[in-house]
Amino acid sequence: MQVFDDTRCELGEGAFWHPERQSFLWFDILGRRLYERGPDGRTEWEMPELTSAMGWIGGGLVLLSGESGLALFDLDRGTREPLAAIAAEDAALRSNDGRADPWGGFWHSTMGKRAEPGAGGIWRWHKGELRHLFRNLTIPNAICMHEEDFGISWKHTDFRTEEVEVRRSRRLVISMICTVGNYEYG
């Protein structure tokens with residue numbers, strides 16, 4: 001086994017693979033850094049606030065989730081542009097986790113900086129609108145999305161050609177893990 005990168009992080013999170021750059025990115029949340037390790041070595045950027053998750057928009061442009069809200073970040077230029085405030089007036093909160101969905105939305109969570117019970121929530125940014133979907137969570141983590149087979153919707157056999165067509169029913173499952181006290185709930 002070989003160490004991929006020996007960078008020490010105070011709180012390393014937000015692992016992200018960038019398909020075009022063929023690079024791996026991650027945050028040191030408490031160290032306020034974003035790291036990238038790719039074919040040309042390691043790059044790092046200082047973040048102006050606690051930042052923990054990202055979603056890829058295209059090229060070198062990514063969406064960041066930080067303690068004051070969402071921001072556009074250009075990996076090529078190192079520039080950051082605020083996009084939407086998330087509980088910016090509450091200095092006790094920070095961003096925690098995030099994932100892009102299949103429709104171009106970005107789901108992300110907040111939590112108390114000291115993991116205060118019920119301080120966190122889950123938000124979704126989609127088509128310029130920010131919605132607070134779930135409230136009163138403590139440490140919302142591992143936002144995951146996948147499709148599930150939900151059985152057969154219908155089946156048709158053309159008796160003239162004996163061709164058979166089957167349509168399966170699929171459903172999108174969105175799940176997360178939340179810490180409450182000493183327990184993890186999924």
# chains A, B, ... in the order shown; residues from 1 in each chain; ligands from 1
>>> residues_around(residues="A:Asp97", least_positions_apart="3", cutoff="6 Å", atoms="only C-alpha atoms", output="number ranges by chain")
A: 53, 108-109, 141
>>> write_last_selection(atoms="C-alpha atoms", output="PDB file, in the first residue's frame")
ATOM      1  CA  ALA A  53     -18.225  20.303   0.632  1.00  0.00           C
ATOM      2  CA  HIS A 108     -25.781  20.258   1.710  1.00  0.00           C
ATOM      3  CA  SER A 109     -26.004  20.277   5.455  1.00  0.00           C
ATOM      4  CA  ASN A 141     -23.793  13.403   7.376  1.00  0.00           C
TER       5      ASN A 141
END
>>> residues_around(residues="stretch 137-139 of chain A", least_positions_apart="2", cutoff="8 Å", atoms="only C-alpha atoms", output="list of chain:residue names")
A:Asn96, A:Thr110, A:Met111, A:Gly112, A:Ala115, A:Glu116, A:Pro117, A:Gly118, A:Ala119, A:Gly120, A:Gly121, A:Phe134, A:Arg135, A:Asn141, A:Cys178, A:Thr179, A:Val180
>>> residues_around(residues="stretch 4-12 of chain A", least_positions_apart="2", cutoff="7 Å", atoms="only C-alpha atoms", output="JSON, numbers by chain")
{"A": [2, 26, 27, 28, 29, 30, 31]}
>>> atom_distance(atom1="atom CA of A:Pro48", atom2="atom CA of A:Trp125")
21.3 Å
>>> closest_residue(among="A:Glu20, A:Gly66, A:Leu133, A:Ile57", to="A:Arg33", atoms="only C-alpha atoms")
A:Gly66
>>> closest_residue(among="A:His132, A:Gly55, A:Arg99, A:Glu44", to="A:Ala87", atoms="only C-alpha atoms")
A:His132
>>> atom_distance(atom1="atom CA of A:Ala71", atom2="atom CA of A:Ile86")
10.6 Å
>>> closest_residue(among="A:Leu25, A:Leu50, A:Val166, A:Cys144", to="A:Val62", atoms="only C-alpha atoms")
A:Leu25
>>> atom_distance(atom1="atom CA of A:Arg94", atom2="atom CA of A:Arg114")
9.6 Å
>>> select_by_dssp(residues="stretch 33-113 of chain A", states="strand (DSSP E)", output="NGL selection string")
:A and (33-38 or 41-46 or 51-58 or 61-66 or 69-74 or 79-85 or 93-100 or 106-112)
>>> residues_around(residues="A:Arg21", least_positions_apart="3", cutoff="12 Å", atoms="only C-alpha atoms", output="ChimeraX atom specification")
/A:16-18,24-25,36-41,56,58-61,75-76
>>> write_last_selection(atoms="N, CA, C and O atoms", output="compact mmCIF listing (two decimals), in the first residue's frame")
# COMPACT_ATOMS: atom_id res chain seq x y z
N PHE A 16 -13.56 14.53 -2.91
CA PHE A 16 -14.21 14.81 -4.19
C PHE A 16 -13.28 14.46 -5.34
O PHE A 16 -12.13 14.91 -5.36
N TRP A 17 -13.76 13.69 -6.31
CA TRP A 17 -12.99 13.37 -7.51
C TRP A 17 -13.44 14.29 -8.64
O TRP A 17 -14.63 14.38 -8.94
N HIS A 18 -12.50 14.98 -9.27
CA HIS A 18 -12.81 15.87 -10.39
C HIS A 18 -12.50 15.11 -11.68
O HIS A 18 -11.34 14.86 -12.00
N PHE A 24 -7.99 14.59 -7.21
CA PHE A 24 -8.72 14.35 -5.98
C PHE A 24 -8.63 15.62 -5.14
O PHE A 24 -7.55 16.20 -4.98
N LEU A 25 -9.77 16.08 -4.63
CA LEU A 25 -9.80 17.30 -3.81
C LEU A 25 -10.40 16.98 -2.44
O LEU A 25 -11.23 16.08 -2.31
N GLU A 36 -5.87 19.95 -3.59
CA GLU A 36 -6.08 19.18 -4.81
C GLU A 36 -4.80 18.40 -5.09
O GLU A 36 -3.71 18.94 -5.06
N ARG A 37 -4.97 17.11 -5.38
CA ARG A 37 -3.83 16.27 -5.76
C ARG A 37 -4.15 15.68 -7.12
O ARG A 37 -5.13 14.96 -7.27
N GLY A 38 -3.35 16.06 -8.11
CA GLY A 38 -3.59 15.59 -9.47
C GLY A 38 -2.30 15.18 -10.14
O GLY A 38 -1.26 15.06 -9.49
N PRO A 39 -2.36 15.01 -11.46
CA PRO A 39 -1.17 14.57 -12.21
C PRO A 39 0.02 15.52 -12.06
O PRO A 39 1.16 15.09 -12.16
N ASP A 40 -0.25 16.81 -11.81
CA ASP A 40 0.84 17.79 -11.69
C ASP A 40 1.28 18.05 -10.25
O ASP A 40 1.99 19.02 -9.98
N GLY A 41 0.83 17.23 -9.32
CA GLY A 41 1.20 17.41 -7.93
C GLY A 41 0.07 17.98 -7.09
O GLY A 41 -1.10 17.87 -7.45
N TRP A 56 -19.33 19.76 -8.54
CA TRP A 56 -18.70 20.17 -9.79
C TRP A 56 -19.74 20.78 -10.71
O TRP A 56 -20.81 20.21 -10.95
N GLY A 58 -18.60 22.55 -13.90
CA GLY A 58 -18.05 22.31 -15.23
C GLY A 58 -16.67 22.93 -15.33
O GLY A 58 -16.40 23.97 -14.72
N GLY A 59 -15.77 22.30 -16.09
CA GLY A 59 -14.41 22.79 -16.18
C GLY A 59 -13.81 22.91 -14.80
O GLY A 59 -13.91 22.00 -13.98
N GLY A 60 -13.19 24.05 -14.50
CA GLY A 60 -12.60 24.27 -13.18
C GLY A 60 -13.53 24.95 -12.21
O GLY A 60 -13.11 25.34 -11.12
N LEU A 61 -14.81 25.09 -12.56
CA LEU A 61 -15.77 25.78 -11.69
C LEU A 61 -16.49 24.78 -10.78
O LEU A 61 -17.06 23.79 -11.25
N LEU A 75 -11.24 26.89 -9.76
CA LEU A 75 -10.00 26.21 -9.40
C LEU A 75 -8.81 26.70 -10.22
O LEU A 75 -7.67 26.63 -9.76
N ASP A 76 -9.06 27.18 -11.43
CA ASP A 76 -7.97 27.66 -12.28
C ASP A 76 -7.47 29.03 -11.86
O ASP A 76 -6.28 29.32 -11.94
